[in-house]
Amino acid sequence: KDFEAHLRDERRVSGHTLRNYLSDLAQFRSFLKTLFPSGIDLKSVDTLTLRAYLGFLHQRGLQKSTVMRKLATIRSFFRFLHREGRIAFNPARALHTPRQVRRVPRVLTEEAAAALVEAPPQPDTKTLAGLRDRALLELLYATGLRASEVVGLDLERLLLGDRLVRVVGKGRKERIVPFGEPAARALEAYLAARAEAGKLRPGGPVFCNLRGGRLTSRSLQRIVERYLPALPEGGDASPHTLRHSFATHLLARGADLRTIQELLGHASLSTTQKYTHVATAQLKAVYDKAHPRARRRAQEEAQEPDA
């Protein structure tokens, strides 16, 4: 409970992050019960115990990113215990794990992003669900918000007249993100229809399910998946794909990294720099397709006989 209060009140993590921490600790506690059936003594947990837990996680076939997150939870937990004087030494300090390879994020082309955002067919945009979906897709691509930030957005934080949204992101840090006219029109249409149906209450969520409750991140994912057939070349996409596309398209059109960092709510500029790799790859693809010498070289290579 003390660690939970530390996360909530001192580190000010989001509700989503807090739930992940508590879930990871519950799993770790279950693992320790198998090693200490007579009762868990955290003072007896050493680095070998944590390495055994690491092996347990790998045996479960979890993704590397999930394992890294769970280990980050354990490191944070034991650092807190050591700082508070609950244990004499921190066994997690000697726990070394391989650095996770950062994958280049998947992004949509500008044409594909526009097709996805405009995917809800005209008849559907006359219904409350259709209007909601169009507003959701527009806002995701217009702002680059995380899924948790979109579903957690309350009406009081949406400044439609100024085309701004006040976002509470990771660490409960607030940032202001602008959005364009298409997103503003879609939001106005959706909220007006909700008000007419008597389903708009002050201080409530911006986006609701059909029962009037707040959308979940999983519901948001399903809404995006519903319109995947609209992608010109097929493929997969998620709310995070639209976030990646938002950042990459801004960079490709001249926005600087520091501004993109502020809009995305990244604590570190190094996190934002991953989008430079995507933009460079896209620029190279455009060059290879458009430059006459690039085409000529590709044709010559294709015509060369096999050695």
# chains A, B, ... in the order shown; residues from 1 in each chain; ligands from 1

$ residues_around --residues "segment 13-29 of chain A" --least-positions-apart "4" --cutoff "8 Å" --atoms "only C-alpha atoms" --output "number ranges by chain"
A: 4, 7-8, 33, 53, 70, 73-74, 148, 169-172

$ residues_around --residues "Arg146 of chain A" --least-positions-apart "3" --cutoff "12 Å" --atoms "only C-alpha atoms" --output "ChimeraX atom specification"
/A:16,136,139-143,149-153,167-170,217,220-221,238-244,246,263-266

$ select_by_dssp --residues "segment 145-260 of chain A" --states "helix (DSSP H, G or I)" --output "PyMOL selection string"
chain A and resi 147-151+155-157+170-172+181-196+217-226+228-230+239-252+257-260

$ write_last_selection --atoms "C-alpha atoms" --output "PDB file, in the first residue's frame"
ATOM      1  CA  ALA A 147      -5.236   5.758 -26.567  1.00  0.00           C
ATOM      2  CA  SER A 148      -5.428   6.177 -22.783  1.00  0.00           C
ATOM      3  CA  GLU A 149      -5.386   9.970 -23.190  1.00  0.00           C
ATOM      4  CA  VAL A 150      -8.244   9.926 -25.695  1.00  0.00           C
ATOM      5  CA  VAL A 151     -10.538   7.686 -23.650  1.00  0.00           C
ATOM      6  CA  LEU A 155     -15.434  17.615 -21.898  1.00  0.00           C
ATOM      7  CA  GLU A 156     -13.990  20.378 -19.745  1.00  0.00           C
ATOM      8  CA  ARG A 157     -10.560  19.770 -21.304  1.00  0.00           C
ATOM      9  CA  LYS A 170       2.116  10.241 -18.309  1.00  0.00           C
ATOM     10  CA  GLY A 171       3.144  11.358 -14.840  1.00  0.00           C
ATOM     11  CA  ARG A 172      -0.066  13.427 -14.782  1.00  0.00           C
ATOM     12  CA  GLU A 181     -10.727  22.341 -38.652  1.00  0.00           C
ATOM     13  CA  PRO A 182     -11.763  18.835 -39.851  1.00  0.00           C
ATOM     14  CA  ALA A 183     -11.396  17.431 -36.328  1.00  0.00           C
ATOM     15  CA  ALA A 184     -13.234  20.428 -34.872  1.00  0.00           C
ATOM     16  CA  ARG A 185     -16.184  19.945 -37.261  1.00  0.00           C
ATOM     17  CA  ALA A 186     -16.368  16.227 -36.515  1.00  0.00           C
ATOM     18  CA  LEU A 187     -16.304  16.852 -32.763  1.00  0.00           C
ATOM     19  CA  GLU A 188     -18.964  19.579 -32.995  1.00  0.00           C
ATOM     20  CA  ALA A 189     -21.268  17.285 -34.986  1.00  0.00           C
ATOM     21  CA  TYR A 190     -20.816  14.403 -32.542  1.00  0.00           C
ATOM     22  CA  LEU A 191     -21.310  16.474 -29.390  1.00  0.00           C
ATOM     23  CA  ALA A 192     -24.324  18.272 -30.873  1.00  0.00           C
ATOM     24  CA  ALA A 193     -25.958  14.920 -31.645  1.00  0.00           C
ATOM     25  CA  ARG A 194     -25.259  13.697 -28.113  1.00  0.00           C
ATOM     26  CA  ALA A 195     -26.765  16.847 -26.643  1.00  0.00           C
ATOM     27  CA  GLU A 196     -29.864  16.438 -28.803  1.00  0.00           C
ATOM     28  CA  SER A 217      -8.722   1.544 -24.661  1.00  0.00           C
ATOM     29  CA  ARG A 218      -9.796  -1.869 -25.952  1.00  0.00           C
ATOM     30  CA  SER A 219     -13.046  -0.402 -27.315  1.00  0.00           C
ATOM     31  CA  LEU A 220     -11.019   2.290 -29.067  1.00  0.00           C
ATOM     32  CA  GLN A 221      -8.831  -0.388 -30.632  1.00  0.00           C
ATOM     33  CA  ARG A 222     -11.902  -2.230 -31.924  1.00  0.00           C
ATOM     34  CA  ILE A 223     -13.308   0.964 -33.440  1.00  0.00           C
ATOM     35  CA  VAL A 224     -10.091   1.529 -35.397  1.00  0.00           C
ATOM     36  CA  GLU A 225     -10.053  -2.121 -36.514  1.00  0.00           C
ATOM     37  CA  ARG A 226     -13.605  -1.734 -37.840  1.00  0.00           C
ATOM     38  CA  LEU A 228      -9.181  -1.145 -41.600  1.00  0.00           C
ATOM     39  CA  PRO A 229     -10.735  -2.270 -44.923  1.00  0.00           C
ATOM     40  CA  ALA A 230     -10.559   1.386 -45.983  1.00  0.00           C
ATOM     41  CA  PRO A 239      -4.605   4.056 -32.348  1.00  0.00           C
ATOM     42  CA  HIS A 240      -0.836   4.069 -31.785  1.00  0.00           C
ATOM     43  CA  THR A 241      -0.260   3.763 -35.547  1.00  0.00           C
ATOM     44  CA  LEU A 242      -2.129   7.044 -35.980  1.00  0.00           C
ATOM     45  CA  ARG A 243       0.037   8.568 -33.230  1.00  0.00           C
ATOM     46  CA  HIS A 244       3.185   7.426 -35.055  1.00  0.00           C
ATOM     47  CA  SER A 245       1.796   8.720 -38.352  1.00  0.00           C
ATOM     48  CA  PHE A 246       0.938  12.090 -36.786  1.00  0.00           C
ATOM     49  CA  ALA A 247       4.541  12.572 -35.631  1.00  0.00           C
ATOM     50  CA  THR A 248       6.173  11.287 -38.813  1.00  0.00           C
ATOM     51  CA  HIS A 249       4.037  13.447 -41.106  1.00  0.00           C
ATOM     52  CA  LEU A 250       4.771  16.549 -39.024  1.00  0.00           C
ATOM     53  CA  LEU A 251       8.495  15.836 -39.232  1.00  0.00           C
ATOM     54  CA  ALA A 252       8.350  15.185 -42.971  1.00  0.00           C
ATOM     55  CA  LEU A 257      11.786  17.533 -33.070  1.00  0.00           C
ATOM     56  CA  ARG A 258      11.407  19.678 -29.976  1.00  0.00           C
ATOM     57  CA  THR A 259       7.908  20.783 -31.002  1.00  0.00           C
ATOM     58  CA  ILE A 260       6.914  17.203 -31.826  1.00  0.00           C
TER      59      ILE A 260
END

$ select_by_dssp --residues "segment 128-176 of chain A" --states "strand (DSSP E or B)" --output "JSON, numbers by chain"
{"A": [154, 158, 159, 164, 165, 166, 167, 168, 174, 175, 176]}

$ closest_residue --among "A:Phe89, A:Phe3, A:Tyr227, A:Phe78" --to "Leu137 of chain A" --atoms "only C-alpha atoms"
A:Tyr227

$ atom_distance --atom1 "atom CA of Pro178 of chain A" --atom2 "atom CA of Val165 of chain A"
6.3 Å

$ residues_around --residues "Phe207 of chain A" --least-positions-apart "6" --cutoff "7 Å" --atoms "only C-alpha atoms" --output "ChimeraX atom specification"
/A:132,151,214-215

$ write_last_selection --atoms "N, CA and C atoms" --output "CSV table (one decimal), in the first residue's frame"
chain,number,residue,atom,x,y,z
A,132,ARG,N,-19.5,9.5,-33.6
A,132,ARG,CA,-18.4,9.3,-32.6
A,132,ARG,C,-17.1,8.8,-33.3
A,151,VAL,N,-9.4,8.2,-24.4
A,151,VAL,CA,-10.5,7.7,-23.7
A,151,VAL,C,-10.7,8.4,-22.3
A,214,ARG,N,-17.9,5.7,-20.3
A,214,ARG,CA,-16.6,6.0,-20.9
A,214,ARG,C,-16.1,4.9,-21.8
A,215,LEU,N,-15.5,5.2,-22.9
A,215,LEU,CA,-14.9,4.2,-23.7
A,215,LEU,C,-13.6,3.6,-23.0

$ decode --residues "segment 201-230 of chain A" --atoms "N, CA and C atoms" --output "PDB file, in the first residue's frame"
ATOM      1  N   ARG A 201     -23.495  15.250 -20.615  1.00  0.00           N
ATOM      2  CA  ARG A 201     -23.538  15.827 -19.257  1.00  0.00           C
ATOM      3  C   ARG A 201     -22.236  16.573 -18.983  1.00  0.00           C
ATOM      4  N   PRO A 202     -22.308  17.756 -18.362  1.00  0.00           N
ATOM      5  CA  PRO A 202     -21.104  18.536 -18.072  1.00  0.00           C
ATOM      6  C   PRO A 202     -20.112  17.730 -17.238  1.00  0.00           C
ATOM      7  N   GLY A 203     -18.846  17.837 -17.610  1.00  0.00           N
ATOM      8  CA  GLY A 203     -17.800  17.146 -16.863  1.00  0.00           C
ATOM      9  C   GLY A 203     -17.640  15.689 -17.231  1.00  0.00           C
ATOM     10  N   GLY A 204     -18.502  15.187 -18.122  1.00  0.00           N
ATOM     11  CA  GLY A 204     -18.422  13.786 -18.518  1.00  0.00           C
ATOM     12  C   GLY A 204     -17.344  13.559 -19.558  1.00  0.00           C
ATOM     13  N   PRO A 205     -17.194  12.305 -20.004  1.00  0.00           N
ATOM     14  CA  PRO A 205     -16.189  11.993 -21.018  1.00  0.00           C
ATOM     15  C   PRO A 205     -16.556  12.541 -22.383  1.00  0.00           C
ATOM     16  N   VAL A 206     -15.551  12.838 -23.181  1.00  0.00           N
ATOM     17  CA  VAL A 206     -15.804  13.297 -24.544  1.00  0.00           C
ATOM     18  C   VAL A 206     -16.376  12.164 -25.381  1.00  0.00           C
ATOM     19  N   PHE A 207     -15.826  10.970 -25.222  1.00  0.00           N
ATOM     20  CA  PHE A 207     -16.249   9.820 -26.032  1.00  0.00           C
ATOM     21  C   PHE A 207     -16.898   8.761 -25.159  1.00  0.00           C
ATOM     22  N   CYS A 208     -18.092   8.344 -25.558  1.00  0.00           N
ATOM     23  CA  CYS A 208     -18.872   7.374 -24.780  1.00  0.00           C
ATOM     24  C   CYS A 208     -19.191   6.138 -25.612  1.00  0.00           C
ATOM     25  N   ASN A 209     -19.462   5.046 -24.908  1.00  0.00           N
ATOM     26  CA  ASN A 209     -19.985   3.866 -25.590  1.00  0.00           C
ATOM     27  C   ASN A 209     -21.495   4.023 -25.767  1.00  0.00           C
ATOM     28  N   LEU A 210     -22.129   3.025 -26.333  1.00  0.00           N
ATOM     29  CA  LEU A 210     -23.561   3.138 -26.639  1.00  0.00           C
ATOM     30  C   LEU A 210     -24.428   3.176 -25.388  1.00  0.00           C
ATOM     31  N   ARG A 211     -23.877   2.753 -24.244  1.00  0.00           N
ATOM     32  CA  ARG A 211     -24.625   2.804 -22.972  1.00  0.00           C
ATOM     33  C   ARG A 211     -24.389   4.104 -22.221  1.00  0.00           C
ATOM     34  N   GLY A 212     -23.545   4.960 -22.781  1.00  0.00           N
ATOM     35  CA  GLY A 212     -23.289   6.252 -22.149  1.00  0.00           C
ATOM     36  C   GLY A 212     -22.092   6.279 -21.240  1.00  0.00           C
ATOM     37  N   GLY A 213     -21.402   5.136 -21.078  1.00  0.00           N
ATOM     38  CA  GLY A 213     -20.213   5.094 -20.237  1.00  0.00           C
ATOM     39  C   GLY A 213     -18.961   5.464 -21.010  1.00  0.00           C
ATOM     40  N   ARG A 214     -17.881   5.658 -20.302  1.00  0.00           N
ATOM     41  CA  ARG A 214     -16.616   6.028 -20.923  1.00  0.00           C
ATOM     42  C   ARG A 214     -16.067   4.871 -21.766  1.00  0.00           C
ATOM     43  N   LEU A 215     -15.527   5.185 -22.915  1.00  0.00           N
ATOM     44  CA  LEU A 215     -14.885   4.161 -23.734  1.00  0.00           C
ATOM     45  C   LEU A 215     -13.640   3.623 -23.024  1.00  0.00           C
ATOM     46  N   THR A 216     -13.296   2.378 -23.302  1.00  0.00           N
ATOM     47  CA  THR A 216     -12.041   1.812 -22.821  1.00  0.00           C
ATOM     48  C   THR A 216     -11.034   1.815 -23.969  1.00  0.00           C
ATOM     49  N   SER A 217      -9.761   1.604 -23.630  1.00  0.00           N
ATOM     50  CA  SER A 217      -8.722   1.544 -24.661  1.00  0.00           C
ATOM     51  C   SER A 217      -8.986   0.391 -25.619  1.00  0.00           C
ATOM     52  N   ARG A 218      -9.496  -0.721 -25.084  1.00  0.00           N
ATOM     53  CA  ARG A 218      -9.796  -1.869 -25.952  1.00  0.00           C
ATOM     54  C   ARG A 218     -10.941  -1.541 -26.916  1.00  0.00           C
ATOM     55  N   SER A 219     -11.948  -0.812 -26.438  1.00  0.00           N
ATOM     56  CA  SER A 219     -13.046  -0.402 -27.315  1.00  0.00           C
ATOM     57  C   SER A 219     -12.532   0.506 -28.428  1.00  0.00           C
ATOM     58  N   LEU A 220     -11.611   1.389 -28.077  1.00  0.00           N
ATOM     59  CA  LEU A 220     -11.019   2.290 -29.067  1.00  0.00           C
ATOM     60  C   LEU A 220     -10.274   1.487 -30.130  1.00  0.00           C
ATOM     61  N   GLN A 221      -9.541   0.471 -29.694  1.00  0.00           N
ATOM     62  CA  GLN A 221      -8.831  -0.388 -30.632  1.00  0.00           C
ATOM     63  C   GLN A 221      -9.803  -1.062 -31.605  1.00  0.00           C
ATOM     64  N   ARG A 222     -10.914  -1.553 -31.072  1.00  0.00           N
ATOM     65  CA  ARG A 222     -11.902  -2.230 -31.924  1.00  0.00           C
ATOM     66  C   ARG A 222     -12.527  -1.267 -32.925  1.00  0.00           C
ATOM     67  N   ILE A 223     -12.737  -0.023 -32.523  1.00  0.00           N
ATOM     68  CA  ILE A 223     -13.308   0.964 -33.440  1.00  0.00           C
ATOM     69  C   ILE A 223     -12.357   1.206 -34.609  1.00  0.00           C
ATOM     70  N   VAL A 224     -11.068   1.338 -34.318  1.00  0.00           N
ATOM     71  CA  VAL A 224     -10.091   1.529 -35.397  1.00  0.00           C
ATOM     72  C   VAL A 224     -10.071   0.310 -36.308  1.00  0.00           C
ATOM     73  N   GLU A 225     -10.083  -0.888 -35.722  1.00  0.00           N
ATOM     74  CA  GLU A 225     -10.053  -2.121 -36.514  1.00  0.00           C
ATOM     75  C   GLU A 225     -11.257  -2.232 -37.447  1.00  0.00           C
ATOM     76  N   ARG A 226     -12.381  -1.658 -37.034  1.00  0.00           N
ATOM     77  CA  ARG A 226     -13.605  -1.734 -37.840  1.00  0.00           C
ATOM     78  C   ARG A 226     -13.420  -1.099 -39.214  1.00  0.00           C
ATOM     79  N   TYR A 227     -12.537  -0.101 -39.305  1.00  0.00           N
ATOM     80  CA  TYR A 227     -12.388   0.650 -40.548  1.00  0.00           C
ATOM     81  C   TYR A 227     -11.108   0.311 -41.312  1.00  0.00           C
ATOM     82  N   LEU A 228     -10.413  -0.753 -40.914  1.00  0.00           N
ATOM     83  CA  LEU A 228      -9.181  -1.145 -41.600  1.00  0.00           C
ATOM     84  C   LEU A 228      -9.391  -1.468 -43.081  1.00  0.00           C
ATOM     85  N   PRO A 229     -10.549  -2.020 -43.486  1.00  0.00           N
ATOM     86  CA  PRO A 229     -10.735  -2.270 -44.923  1.00  0.00           C
ATOM     87  C   PRO A 229     -10.604  -1.030 -45.798  1.00  0.00           C
ATOM     88  N   ALA A 230     -10.675   0.154 -45.194  1.00  0.00           N
ATOM     89  CA  ALA A 230     -10.559   1.386 -45.983  1.00  0.00           C
ATOM     90  C   ALA A 230      -9.114   1.688 -46.377  1.00  0.00           C
TER      91      ALA A 230
END
